[in-house]
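Undergrad: Handing over final.tsv, TSV, C-alpha atoms and all ligand atoms.
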chain	number	residue	atom	x	y	z
A	918	MET	CA	-44.62	25.61	-60.44
A	919	PHE	CA	-42.44	23.84	-63.02
A	920	GLU	CA	-42.26	20.14	-63.63
A	921	LYS	CA	-39.56	18.22	-61.78
A	922	LYS	CA	-37.23	17.87	-64.76
A	923	ILE	CA	-37.18	21.62	-65.37
A	924	GLU	CA	-36.54	22.31	-61.72
A	925	GLU	CA	-33.56	19.95	-61.68
A	926	ASN	CA	-32.09	21.53	-64.78
A	927	LEU	CA	-32.69	25.01	-63.44
A	928	PHE	CA	-30.94	24.09	-60.21
A	929	GLN	CA	-27.91	22.93	-62.19
A	930	LEU	CA	-27.90	26.09	-64.26
A	931	LEU	CA	-28.15	28.43	-61.27
A	932	VAL	CA	-25.36	26.61	-59.46
A	933	GLN	CA	-23.11	26.85	-62.53
A	934	ILE	CA	-23.49	30.60	-62.81
A	935	ALA	CA	-23.37	31.21	-59.08
A	936	ASP	CA	-20.16	29.16	-58.88
A	937	ASP	CA	-18.62	31.38	-61.59
A	938	LYS	CA	-19.41	34.44	-59.54
A	939	LEU	CA	-18.34	33.05	-56.19
A	940	ILE	CA	-14.96	31.86	-57.47
A	941	LEU	CA	-14.32	35.04	-59.44
A	942	GLY	CA	-15.34	37.11	-56.41
A	943	HIS	CA	-12.84	35.20	-54.30
A	944	ARG	CA	-10.06	35.75	-56.84
A	945	LEU	CA	-10.85	39.47	-56.93
A	946	SER	CA	-10.80	39.68	-53.15
A	947	GLU	CA	-7.15	38.56	-53.28
A	948	TRP	CA	-6.33	42.04	-54.61
A	949	CYS	CA	-7.48	43.69	-51.41
A	950	GLY	CA	-4.45	45.62	-50.15
A	951	HIS	CA	-2.37	44.71	-53.23
A	952	ALA	CA	-3.80	46.74	-56.12
A	953	PRO	CA	-1.47	49.16	-57.95
A	954	ILE	CA	-3.33	52.27	-56.77
A	955	LEU	CA	-5.76	53.02	-53.95
A	956	GLU	CA	-8.78	53.70	-56.20
A	957	GLU	CA	-8.22	50.34	-57.84
A	958	ASP	CA	-7.95	48.56	-54.53
A	959	ILE	CA	-11.36	49.96	-53.59
A	960	ALA	CA	-12.76	49.14	-57.03
A	961	LEU	CA	-11.64	45.50	-57.08
A	962	ALA	CA	-12.88	44.92	-53.53
A	963	ASN	CA	-16.26	46.39	-54.48
A	964	ILE	CA	-16.47	44.26	-57.61
A	965	ALA	CA	-15.53	41.20	-55.55
A	966	LEU	CA	-18.38	41.96	-53.18
A	967	ASP	CA	-20.82	42.41	-56.06
A	968	ASN	CA	-19.89	39.01	-57.46
A	969	ILE	CA	-20.13	37.22	-54.13
A	970	GLY	CA	-23.47	38.91	-53.42
A	971	GLN	CA	-24.79	37.90	-56.83
A	972	ALA	CA	-23.64	34.33	-56.23
A	973	ASN	CA	-25.50	34.38	-52.92
A	974	SER	CA	-28.74	35.52	-54.54
A	975	LEU	CA	-28.51	32.82	-57.22
A	976	TYR	CA	-27.70	30.09	-54.67
A	977	GLN	CA	-30.73	31.25	-52.70
A	978	ILE	CA	-33.03	30.58	-55.65
A	979	ALA	CA	-31.24	27.27	-56.30
A	980	VAL	CA	-31.66	25.86	-52.79
A	981	LYS	CA	-35.32	26.81	-52.81
A	982	LEU	CA	-35.80	24.85	-56.02
A	983	GLU	CA	-33.84	21.91	-54.69
A	984	ASN	CA	-35.99	21.88	-51.56
A	985	LYS	CA	-33.60	19.69	-49.56
A	986	ASN	CA	-33.05	22.12	-46.72
A	987	ARG	CA	-29.56	23.04	-47.92
A	988	SER	CA	-28.45	26.61	-47.30
A	989	GLU	CA	-26.53	28.94	-49.59
A	990	ASP	CA	-23.52	28.57	-47.31
A	991	GLU	CA	-23.61	24.80	-47.62
A	992	LEU	CA	-23.32	25.10	-51.38
A	993	ALA	CA	-20.44	27.54	-51.08
A	994	PHE	CA	-18.44	25.97	-48.28
A	995	PHE	CA	-19.27	22.27	-48.13
A	996	ARG	CA	-18.90	21.06	-51.68
A	997	ASP	CA	-15.65	19.58	-52.99
A	998	GLU	CA	-13.77	20.57	-56.10
A	999	ARG	CA	-15.48	18.09	-58.43
A	1000	GLU	CA	-18.89	19.37	-57.34
A	1001	PHE	CA	-18.11	22.91	-58.41
A	1002	ARG	CA	-19.50	23.73	-61.84
A	1003	ASN	CA	-17.74	27.02	-62.60
A	1004	ILE	CA	-15.90	27.59	-65.85
A	1005	GLN	CA	-12.12	27.40	-65.59
A	1006	ILE	CA	-11.45	31.02	-66.60
A	1007	VAL	CA	-12.62	32.30	-63.20
A	1008	GLU	CA	-10.42	29.96	-61.15
A	1009	LEU	CA	-7.11	30.89	-62.82
A	1010	PRO	CA	-4.76	32.68	-60.40
A	1011	LYS	CA	-5.21	36.45	-60.30
A	1012	GLY	CA	-1.91	37.03	-62.14
A	1013	ASP	CA	-0.76	40.61	-62.66
A	1014	PHE	CA	-3.06	43.60	-62.98
A	1015	ALA	CA	-3.30	43.22	-66.77
A	1016	PHE	CA	-4.39	39.61	-66.41
A	1017	THR	CA	-7.08	40.49	-63.88
A	1018	ILE	CA	-8.41	43.33	-66.04
A	1019	VAL	CA	-8.46	41.21	-69.20
A	1020	ARG	CA	-10.36	38.46	-67.41
A	1021	GLN	CA	-12.82	40.97	-65.94
A	1022	PHE	CA	-13.38	42.58	-69.31
A	1023	LEU	CA	-14.04	39.28	-71.12
A	1024	TYR	CA	-16.19	37.87	-68.33
A	1025	ASP	CA	-18.14	41.11	-67.61
A	1026	ASN	CA	-19.05	41.34	-71.28
A	1027	PHE	CA	-20.38	37.80	-71.27
A	1028	SER	CA	-22.12	38.18	-67.93
A	1029	PHE	CA	-23.77	41.43	-68.99
A	1030	LEU	CA	-25.20	39.89	-72.18
A	1031	LEU	CA	-26.36	36.81	-70.31
A	1032	PHE	CA	-28.14	38.66	-67.52
A	1033	GLN	CA	-29.69	41.10	-69.95
A	1034	LYS	CA	-31.37	38.08	-71.55
A	1035	PHE	CA	-32.20	36.56	-68.17
A	1036	CYS	CA	-34.33	39.66	-67.51
A	1037	ASP	CA	-36.80	38.19	-70.05
A	1038	SER	CA	-36.69	34.66	-68.64
A	1039	ASN	CA	-39.95	32.78	-68.15
A	1040	PHE	CA	-38.70	31.88	-64.71
A	1041	ILE	CA	-39.88	34.92	-62.75
A	1042	GLU	CA	-37.47	34.56	-59.85
A	1043	LEU	CA	-34.55	34.57	-62.27
A	1044	SER	CA	-35.83	37.54	-64.25
A	1045	ASP	CA	-36.47	39.51	-61.03
A	1046	VAL	CA	-33.01	38.99	-59.62
A	1047	SER	CA	-31.44	39.62	-63.04
A	1048	LYS	CA	-32.90	43.11	-63.24
A	1049	LYS	CA	-30.89	43.93	-60.16
A	1050	ILE	CA	-27.75	42.07	-61.20
A	1051	VAL	CA	-27.59	43.47	-64.74
A	1052	LYS	CA	-27.31	47.04	-63.41
A	1053	GLU	CA	-24.40	46.05	-61.19
A	1054	ILE	CA	-22.62	44.25	-64.03
A	1055	SER	CA	-23.06	47.17	-66.39
A	1056	TYR	CA	-21.30	49.45	-63.91
A	1057	ASN	CA	-18.43	47.00	-63.53
A	1058	LEU	CA	-18.23	46.45	-67.28
A	1059	ARG	CA	-17.74	50.17	-67.78
A	1060	HIS	CA	-14.81	49.95	-65.41
A	1061	SER	CA	-13.05	47.02	-67.10
A	1062	LYS	CA	-13.72	48.51	-70.54
A	1063	GLU	CA	-12.08	51.82	-69.55
A	1064	TRP	CA	-9.05	49.92	-68.27
A	1065	ILE	CA	-8.68	47.85	-71.45
A	1066	LEU	CA	-8.62	51.07	-73.47
A	1067	ARG	CA	-6.13	52.65	-71.11
A	1068	LEU	CA	-3.81	49.67	-71.03
A	1069	GLY	CA	-4.24	48.86	-74.71
A	1070	ILE	CA	-3.46	52.38	-75.88
A	1071	GLY	CA	-1.08	53.23	-73.05
A	1072	THR	CA	2.65	52.50	-72.94
A	1073	GLU	CA	4.66	49.79	-74.70
A	1074	GLU	CA	4.82	47.95	-71.41
A	1075	SER	CA	1.08	48.11	-70.74
A	1076	LYS	CA	0.29	46.98	-74.29
A	1077	PHE	CA	2.79	44.12	-74.05
A	1078	ASN	CA	1.45	42.89	-70.71
A	1079	THR	CA	-2.17	43.18	-71.77
A	1080	GLN	CA	-1.60	41.31	-75.03
A	1081	LYS	CA	0.32	38.64	-73.11
A	1082	ALA	CA	-2.67	38.25	-70.79
A	1083	ILE	CA	-5.09	37.98	-73.71
A	1084	ASP	CA	-2.92	35.33	-75.37
A	1085	LYS	CA	-2.80	33.33	-72.17
A	1086	ILE	CA	-6.49	33.57	-71.31
A	1087	TRP	CA	-8.07	33.21	-74.74
A	1088	GLU	CA	-8.27	29.41	-74.73
A	1089	PHE	CA	-10.51	29.66	-71.66
A	1090	THR	CA	-13.11	31.93	-73.27
A	1091	ASN	CA	-15.08	29.32	-75.18
A	1092	GLU	CA	-16.33	27.70	-72.00
A	1093	MET	CA	-18.46	30.74	-71.26
A	1094	PHE	CA	-20.84	29.57	-73.94
A	1095	GLU	CA	-21.34	26.08	-72.53
A	1096	PHE	CA	-23.97	25.17	-69.99
A	1097	GLY	CA	-23.19	21.50	-69.65
A	1098	ASN	CA	-26.18	19.40	-70.53
A	1099	VAL	CA	-28.92	21.68	-69.24
A	1100	GLU	CA	-29.12	24.12	-72.07
A	1101	ASN	CA	-31.33	22.75	-74.83
A	1102	PHE	CA	-34.08	21.83	-72.48
A	1103	LEU	CA	-34.24	25.23	-70.85
A	1104	ILE	CA	-33.85	27.18	-74.08
A	1105	GLU	CA	-36.93	25.44	-75.45
A	1106	LYS	CA	-38.94	26.64	-72.47
A	1107	ASN	CA	-37.68	30.22	-72.86
A	1108	ILE	CA	-36.02	30.07	-69.48
A	1109	ILE	CA	-32.53	30.74	-70.75
A	1110	PRO	CA	-31.39	32.40	-73.99
A	1111	ASN	CA	-29.66	30.71	-76.88
A	1112	LEU	CA	-25.96	30.81	-76.11
A	1113	ASP	CA	-24.96	31.00	-79.77
A	1114	THR	CA	-26.56	34.43	-80.01
A	1115	ILE	CA	-24.75	35.53	-76.88
A	1116	LYS	CA	-21.48	34.28	-78.30
A	1117	THR	CA	-21.91	36.30	-81.48
A	1118	ASP	CA	-22.81	39.45	-79.52
A	1119	TRP	CA	-19.89	38.86	-77.18
A	1120	GLU	CA	-17.39	38.54	-80.01
A	1121	LEU	CA	-18.70	41.75	-81.54
A	1122	SER	CA	-18.48	43.82	-78.38
A	1123	VAL	CA	-15.03	42.50	-77.46
A	1124	LYS	CA	-13.75	43.16	-80.97
A	1125	LYS	CA	-15.23	46.67	-80.95
A	1126	ILE	CA	-13.14	47.64	-77.94
A	1127	PHE	CA	-9.97	45.86	-79.11
A	1128	ASP	CA	-10.25	47.68	-82.46
A	1129	ASN	CA	-9.81	50.96	-80.61
A	1130	THR	CA	-6.48	49.71	-79.32
A	1131	ASN	CA	-3.57	47.71	-80.75
A	1132	LEU	CA	-4.73	44.57	-79.00
A	1133	GLN	CA	-5.33	41.46	-81.08
A	1134	ILE	CA	-7.58	38.45	-80.68
A	1135	PRO	CA	-5.26	35.42	-80.89
A	1136	ASN	CA	-5.83	32.88	-83.61
A	1137	ILE	CA	-5.98	29.57	-81.79
A	1138	SER	CA	-7.86	26.37	-82.35
A	1139	TYR	CA	-7.59	24.67	-78.97
A	1140	PHE	CA	-10.07	25.63	-76.25
A	1141	ALA	CA	-10.31	24.44	-72.66
A	1142	SER	CA	-13.50	22.74	-71.51
A	1143	GLY	CA	-14.83	20.68	-68.64
A	1144	GLY	CA	-15.62	23.10	-65.82
A	1145	ARG	CA	-19.38	22.64	-66.24
A	1146	ASN	CA	-18.88	18.91	-65.64
A	1147	GLY	CA	-16.68	19.37	-62.60
A	1148	PHE	CA	-13.28	19.11	-64.31
A	1149	HIS	CA	-10.99	21.90	-63.19
A	1150	THR	CA	-7.46	23.21	-63.38
A	1151	GLU	CA	-5.13	22.44	-60.49
A	1152	TYR	CA	-5.79	25.94	-59.10
A	1153	LEU	CA	-9.37	25.44	-57.92
A	1154	GLY	CA	-8.51	22.99	-55.15
A	1155	TYR	CA	-6.10	25.43	-53.52
A	1156	LEU	CA	-8.62	28.24	-53.79
A	1157	LEU	CA	-11.36	26.15	-52.17
A	1158	ALA	CA	-9.03	25.06	-49.37
A	1159	GLU	CA	-8.45	28.68	-48.47
A	1160	MET	CA	-12.03	29.77	-48.95
A	1161	GLN	CA	-13.64	26.86	-47.07
A	1162	ILE	CA	-11.23	26.14	-44.22
A	1163	VAL	CA	-12.91	28.32	-41.59
A	1164	ALA	CA	-16.44	27.14	-42.31
A	1165	ARG	CA	-15.36	23.48	-42.42
A	1166	SER	CA	-13.35	23.69	-39.22
A	1167	ASN	CA	-16.41	24.96	-37.37
A	1168	PRO	CA	-19.29	23.35	-39.22
A	1169	ASN	CA	-22.05	24.13	-36.76
A	1170	VAL	CA	-21.14	27.66	-35.83
A	1171	LYS	CA	-23.81	30.29	-36.33
A	1172	TRP	CA	-22.20	33.37	-37.83
B	270	MET	CA	-53.37	48.89	-37.57
B	271	VAL	CA	-50.66	46.38	-36.70
B	272	LYS	CA	-48.96	47.08	-39.98
B	273	LYS	CA	-48.87	50.79	-39.28
B	274	LYS	CA	-47.24	50.13	-35.93
B	275	VAL	CA	-44.71	47.79	-37.58
B	276	PHE	CA	-43.76	50.46	-40.11
B	277	GLU	CA	-43.32	52.98	-37.27
B	278	ILE	CA	-40.93	50.58	-35.58
B	279	LEU	CA	-39.08	49.85	-38.84
B	280	SER	CA	-38.52	53.59	-39.17
B	281	GLN	CA	-36.32	53.29	-36.09
B	282	VAL	CA	-33.94	50.97	-37.93
B	283	PHE	CA	-31.11	52.64	-39.80
B	284	ASP	CA	-28.67	51.49	-42.41
B	285	PRO	CA	-25.41	51.33	-40.41
B	286	GLU	CA	-23.52	52.69	-43.40
B	287	ILE	CA	-25.77	55.73	-43.83
B	288	PRO	CA	-26.99	56.38	-40.29
B	289	VAL	CA	-29.26	59.31	-41.20
B	290	VAL	CA	-31.65	57.40	-43.42
B	291	ASN	CA	-33.93	54.71	-42.04
B	292	ILE	CA	-34.67	51.49	-43.89
B	293	VAL	CA	-38.22	52.51	-44.82
B	294	GLU	CA	-36.95	55.71	-46.44
B	295	LEU	CA	-34.22	53.75	-48.17
B	296	GLY	CA	-36.88	51.63	-49.87
B	297	ILE	CA	-35.55	48.25	-48.87
B	298	ILE	CA	-38.73	47.04	-47.15
B	299	LYS	CA	-40.54	45.12	-49.86
B	300	GLU	CA	-43.45	43.67	-47.93
B	301	VAL	CA	-44.82	43.33	-44.42
B	302	ILE	CA	-47.14	40.40	-43.79
B	303	CYS	CA	-48.99	40.23	-40.46
B	304	GLU	CA	-50.81	36.97	-39.83
B	305	ASN	CA	-52.04	35.32	-36.62
B	306	ASN	CA	-49.44	36.64	-34.23
B	307	SER	CA	-46.56	36.33	-36.65
B	308	ILE	CA	-44.87	38.92	-38.80
B	309	GLU	CA	-42.89	38.41	-41.94
B	310	ILE	CA	-40.77	41.26	-43.24
B	311	LYS	CA	-39.33	40.99	-46.73
B	312	ILE	CA	-36.25	43.09	-47.31
B	313	SER	CA	-34.22	43.57	-50.45
B	314	PRO	CA	-30.63	44.81	-50.34
B	315	THR	CA	-29.73	47.97	-52.26
B	316	TYR	CA	-26.89	46.08	-53.95
B	317	SER	CA	-26.56	42.26	-54.10
B	318	GLY	CA	-23.36	42.35	-52.07
B	319	CYS	CA	-24.53	44.81	-49.40
B	320	PRO	CA	-22.67	43.63	-46.28
B	321	ALA	CA	-25.05	45.44	-43.91
B	322	MET	CA	-27.99	43.10	-44.55
B	323	ASN	CA	-27.36	40.80	-41.59
B	324	ILE	CA	-27.03	43.70	-39.18
B	325	ILE	CA	-30.21	45.25	-40.53
B	326	GLU	CA	-31.99	41.92	-40.11
B	327	ASP	CA	-30.85	41.64	-36.50
B	328	ASP	CA	-31.85	45.25	-35.81
B	329	ILE	CA	-35.33	44.69	-37.24
B	330	LYS	CA	-35.86	41.68	-34.96
B	331	PHE	CA	-34.43	43.51	-31.96
B	332	GLN	CA	-36.64	46.58	-32.41
B	333	LEU	CA	-39.79	44.54	-32.98
B	334	GLN	CA	-39.12	42.31	-29.97
B	335	LYS	CA	-38.49	45.36	-27.82
B	336	ASN	CA	-41.97	46.53	-28.79
B	337	GLY	CA	-43.60	43.26	-27.78
B	338	PHE	CA	-43.77	41.46	-31.10
B	339	GLU	CA	-42.97	37.76	-31.34
B	340	ASN	CA	-42.58	35.22	-34.16
B	341	ILE	CA	-40.71	37.52	-36.46
B	342	VAL	CA	-39.35	36.24	-39.75
B	343	VAL	CA	-37.11	38.38	-41.90
B	344	THR	CA	-36.77	37.14	-45.47
B	345	LYS	CA	-34.15	38.42	-47.86
B	346	VAL	CA	-35.35	38.87	-51.41
B	347	PHE	CA	-33.06	40.09	-54.15
B	348	SER	CA	-35.43	42.24	-56.13
B	349	ASN	CA	-34.79	45.30	-58.19
B	350	TRP	CA	-33.97	48.37	-56.13
B	351	THR	CA	-33.62	51.85	-57.48
B	352	THR	CA	-32.66	55.25	-56.10
B	353	GLU	CA	-35.91	56.55	-57.61
B	354	LEU	CA	-37.50	55.20	-54.41
B	355	LEU	CA	-35.81	57.93	-52.37
B	356	SER	CA	-38.06	60.90	-51.63
B	357	ASN	CA	-36.88	64.52	-51.84
B	358	GLU	CA	-36.99	64.67	-48.06
B	359	THR	CA	-34.68	61.65	-47.83
B	360	LYS	CA	-32.33	63.20	-50.36
B	361	GLU	CA	-32.17	66.36	-48.24
B	362	LYS	CA	-31.16	64.24	-45.25
B	363	LEU	CA	-28.33	62.69	-47.25
B	364	LYS	CA	-27.19	66.11	-48.38
B	365	SER	CA	-27.07	67.61	-44.91
B	366	TYR	CA	-25.12	64.55	-43.79
B	367	GLY	CA	-22.52	65.39	-46.47
B	368	ILE	CA	-23.44	62.82	-49.13
B	369	ALA	CA	-24.50	64.20	-52.52
B	370	PRO	CA	-27.95	62.66	-53.16
B	371	PRO	CA	-28.59	60.60	-56.31
B	372	ASN	CA	-29.69	62.33	-59.49
B	373	ARG	CA	-32.93	61.23	-61.11
B	374	ILE	CA	-32.14	58.45	-63.58
B	375	ASN	CA	-33.46	60.51	-66.48
B	376	ALA	CA	-31.71	63.71	-65.35
B	377	ILE	CA	-30.51	65.93	-68.18
B	378	GLU	CA	-27.04	65.11	-69.43
B	379	ILE	CA	-24.58	67.79	-70.48
B	380	ASN	CA	-21.69	66.57	-72.66
B	381	ASN	CA	-22.70	63.00	-71.83
B	382	GLU	CA	-22.41	63.69	-68.15
B	383	LYS	CA	-24.88	64.40	-65.44
B	384	LYS	CA	-23.94	67.27	-63.18
B	385	ILE	CA	-23.13	66.30	-59.64
B	386	PHE	CA	-23.50	69.10	-57.10
B	387	CYS	CA	-21.21	69.45	-54.10
B	388	PRO	CA	-23.28	68.86	-50.94
B	389	LYS	CA	-21.26	71.46	-49.04
B	390	CYS	CA	-21.20	74.47	-51.39
B	391	ASN	CA	-23.67	73.44	-54.15
B	392	SER	CA	-21.08	74.02	-56.87
B	393	SER	CA	-21.43	71.95	-60.03
B	394	LYS	CA	-17.70	72.22	-60.73
B	395	THR	CA	-17.02	68.70	-59.52
B	396	ASN	CA	-14.95	65.83	-60.89
B	397	LEU	CA	-15.27	62.10	-60.51
B	398	LYS	CA	-12.23	60.79	-58.65
B	399	SER	CA	-13.21	57.18	-58.12
B	400	LYS	CA	-16.20	55.25	-59.45
B	401	TYR	CA	-16.09	53.07	-56.37
B	402	GLY	CA	-16.32	54.27	-52.81
B	403	SER	CA	-16.58	53.15	-49.22
B	404	THR	CA	-19.81	51.27	-49.97
B	405	ALA	CA	-21.36	49.83	-53.12
B	406	CYS	CA	-23.86	52.68	-53.37
B	407	LYS	CA	-21.37	55.55	-53.43
B	408	SER	CA	-18.59	57.01	-55.57
B	409	PHE	CA	-16.01	59.75	-54.86
B	410	TYR	CA	-16.03	63.27	-56.25
B	411	TYR	CA	-13.83	66.32	-55.80
B	412	CYS	CA	-15.23	69.84	-55.64
B	413	GLU	CA	-13.12	72.44	-57.45
B	414	ASN	CA	-14.88	75.27	-55.68
B	415	CYS	CA	-14.41	74.32	-52.03
B	416	LEU	CA	-11.55	71.88	-52.73
B	417	GLU	CA	-13.17	69.11	-50.72
B	418	MET	CA	-13.72	65.44	-51.53
B	419	PHE	CA	-17.28	64.19	-51.11
B	420	GLU	CA	-19.27	61.05	-51.66
B	421	TYR	CA	-22.04	60.77	-54.23
B	422	PHE	CA	-24.92	58.33	-53.81
B	423	LYS	CA	-24.94	56.78	-57.30
B	424	GLU	CA	-28.18	56.86	-59.22
B	425	THR	CA	-29.26	53.38	-60.19
A	1201	ZN	ZN	-17.89	72.32	-52.79
Represent the structure of the file as structure tokens.
TA:
Amino acid sequence: MFEKKIEENLFQLLVQIADDKLILGHRLSEWCGHAPILEEDIALANIALDNIGQANSLYQIAVKLENKNRSEDELAFFRDEREFRNIQIVELPKGDFAFTIVRQFLYDNFSFLLFQKFCDSNFIELSDVSKKIVKEISYNLRHSKEWILRLGIGTEESKFNTQKAIDKIWEFTNEMFEFGNVENFLIEKNIIPNLDTIKTDWELSVKKIFDNTNLQIPNISYFASGGRNGFHTEYLGYLLAEMQIVARSNPNVKW
Amino acid sequence: MVKKKVFEILSQVFDPEIPVVNIVELGIIKEVICENNSIEIKISPTYSGCPAMNIIEDDIKFQLQKNGFENIVVTKVFSNWTTELLSNETKEKLKSYGIAPPNRINAIEINNEKKIFCPKCNSSKTNLKSKYGSTACKSFYYCENCLEMFEYFKET
């Protein structure tokens, strides 16, 4: 269908985005039974499931392209830390509720814009699956947006904690607009969108919501990078150990 | 002929989370391919993270085998799914089961909100209590008329 070089790049790209969703889904699942209110417990568990399901669907396309008889589960459970290509923002510990909501809000915004563009991709399998995924993200984005407004306008304490979370997380936001070394090639072929455009749109939509609150975008010049090349924070290894232990202890079990 | 029989059998398979609606009515059967003694069924989940997919897959195989079919392949595809695929008859089934059926996507909005009717008393005096529910496809509402909570099958 595509030439070999495109297929290899596409595989890399799909794995990167699927890794984001798998790791974020796992982090969200840690809230199960711990959220501040029951409705939120249900919400975060549902959003976790959405992300893990989306990761699964992207891995499925990736392994088909790779054509090496690897399964989706092998990608999720039998790769080591350095083989994961997720951005670092998703692997950071879940923190308090404000931290989780801020991360969701920033990531959902990015993910929504990205998958909206993926709907027009020249790669039919990606555009097909994106039409499904974009609807799910838009529902979850509405949720994190409502919470940012509530926390950002709410009490002194909620504003303080939310701003603290933004200040802590901001240096990890730039990585969302990096696709390692696959991007230029795939942009040329109209398979993926130009990330600069997405970045501009992202900044606008984040600012629009913050402007309705007292929350500020921090003015910093240092940004984290490296996740797309397999360089991670110390937190990913612990997460993978927990997530992969059962599958790795029983490698040939049929679930 | 074979295909018709296959669809009849698939109508015996239900979504374990909504046991009144079968998987054909739910619109998750994307394609049935019958070729030289083998059958491939393509199914698409309602939501990407639908945890019932593996059970549905097993049920499909079980029902087909019970009816003498062999060489069955069930393939998961993640294609677009919409509640517009649900017929009025299917929506009635949901309603009598106690789940408010999905509105049409282009349903008329009043004050930026679509009216959700209580499946028990038909009142439109209902409030959203939780956007997320027991499964990805449902949210929680409260009826101010009969004072009962109910689930709404989200339109998507
Ligand atoms: Zn009622």
Undergrad: Counting only C-alpha atoms and all ligand atoms, name the residues that have an atom within 6 Å of an atom of ligand ZN 1201 (chain A); the answer should be given as JSON, numbers by chain.
TA: {"B": [387, 389, 390, 392, 412, 414, 415]}
Undergrad: Mind checking which residues fall within 8 Å of stretch 1008-1024 of chain A, counting all atoms listed in the file, ignoring those fewer than 3 positions away in the same chain, and posting them as a PDB file with C-alpha atoms, in the coordinates of the input?
TA:
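What landed in around-v7.pdb:
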ATOM      1  CA  ILE A 940     -14.960  31.860 -57.470  1.00  0.00           C
ATOM      2  CA  LEU A 941     -14.320  35.040 -59.440  1.00  0.00           C
ATOM      3  CA  ARG A 944     -10.060  35.750 -56.840  1.00  0.00           C
ATOM      4  CA  LEU A 945     -10.850  39.470 -56.930  1.00  0.00           C
ATOM      5  CA  GLU A 947      -7.150  38.560 -53.280  1.00  0.00           C
ATOM      6  CA  ALA A 952      -3.800  46.740 -56.120  1.00  0.00           C
ATOM      7  CA  PRO A 953      -1.470  49.160 -57.950  1.00  0.00           C
ATOM      8  CA  ILE A1004     -15.900  27.590 -65.850  1.00  0.00           C
ATOM      9  CA  GLN A1005     -12.120  27.400 -65.590  1.00  0.00           C
ATOM     10  CA  PHE A1027     -20.380  37.800 -71.270  1.00  0.00           C
ATOM     11  CA  SER A1028     -22.120  38.180 -67.930  1.00  0.00           C
ATOM     12  CA  LEU A1058     -18.230  46.450 -67.280  1.00  0.00           C
ATOM     13  CA  SER A1061     -13.050  47.020 -67.100  1.00  0.00           C
ATOM     14  CA  LYS A1062     -13.720  48.510 -70.540  1.00  0.00           C
ATOM     15  CA  TRP A1064      -9.050  49.920 -68.270  1.00  0.00           C
ATOM     16  CA  ILE A1065      -8.680  47.850 -71.450  1.00  0.00           C
ATOM     17  CA  LEU A1068      -3.810  49.670 -71.030  1.00  0.00           C
ATOM     18  CA  SER A1075       1.080  48.110 -70.740  1.00  0.00           C
ATOM     19  CA  ASN A1078       1.450  42.890 -70.710  1.00  0.00           C
ATOM     20  CA  THR A1079      -2.170  43.180 -71.770  1.00  0.00           C
ATOM     21  CA  ALA A1082      -2.670  38.250 -70.790  1.00  0.00           C
ATOM     22  CA  ILE A1083      -5.090  37.980 -73.710  1.00  0.00           C
ATOM     23  CA  ILE A1086      -6.490  33.570 -71.310  1.00  0.00           C
ATOM     24  CA  THR A1090     -13.110  31.930 -73.270  1.00  0.00           C
ATOM     25  CA  VAL A1123     -15.030  42.500 -77.460  1.00  0.00           C
ATOM     26  CA  THR A1150      -7.460  23.210 -63.380  1.00  0.00           C
ATOM     27  CA  TYR A1152      -5.790  25.940 -59.100  1.00  0.00           C
ATOM     28  CA  LEU A1153      -9.370  25.440 -57.920  1.00  0.00           C
ATOM     29  CA  LEU A1156      -8.620  28.240 -53.790  1.00  0.00           C
TER      30      LEU A1156
END
Undergrad: Within 10 Å of chain A, which residues belong to chain B? Use only C-alpha atoms and report them as a ChimeraX atom specification.
TA: /B:314-320,323,345-351,398-406,408-409,425
Undergrad: Pick out the closest residue to B:Asn391 from this set: B:Val271, B:Ile374, B:Ala369, B:Val289. Count only C-alpha atoms.
TA: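 Looking at the shortest contact to B:Asn391, the residue is B:Ala369.
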Undergrad: With a distance cut-off of 9 Å and all atoms listed in the file, select the neighbouring residues of A:Leu992, excluding the residue or stretch itself and same-chain residues fewer than 4 positions from it, and output the selection as a PyMOL selection string.
TA: chain A and resi 932+976+980+987-988+996
Undergrad: Kindly give the distance, in Å, that separates atom CA of A:Asp990 and atom CA of A:Phe1032, rounded to a single decimal.
TA: 23.1 Å
Undergrad: Using only C-alpha atoms, which residue out of A:Glu1074, A:Leu1030, A:Gly1154, A:Ser1038 lies closest to A:Leu1103?
TA: A:Ser1038
Undergrad: What's the 8 Å shell around B:Asn340, counting only C-alpha atoms, without same-chain residues fewer than 4 positions away, as a PDB file with C-alpha atoms, in the coordinates of the input?
TA:
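Listing of selection-v7.pdb after writing:
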ATOM      1  CA  ASN B 306     -49.440  36.640 -34.230  1.00  0.00           C
ATOM      2  CA  SER B 307     -46.560  36.330 -36.650  1.00  0.00           C
ATOM      3  CA  ILE B 308     -44.870  38.920 -38.800  1.00  0.00           C
TER       4      ILE B 308
END
Undergrad: Find the residues near stretch 366-368 of chain B: any atom within 7 Å, counting all atoms listed in the file, skip ones fewer than 6 places away on the same chain, and give them as a list in words.
TA: Pro388, Lys389, Phe419, Glu420, Tyr421 and Phe422 of chain B
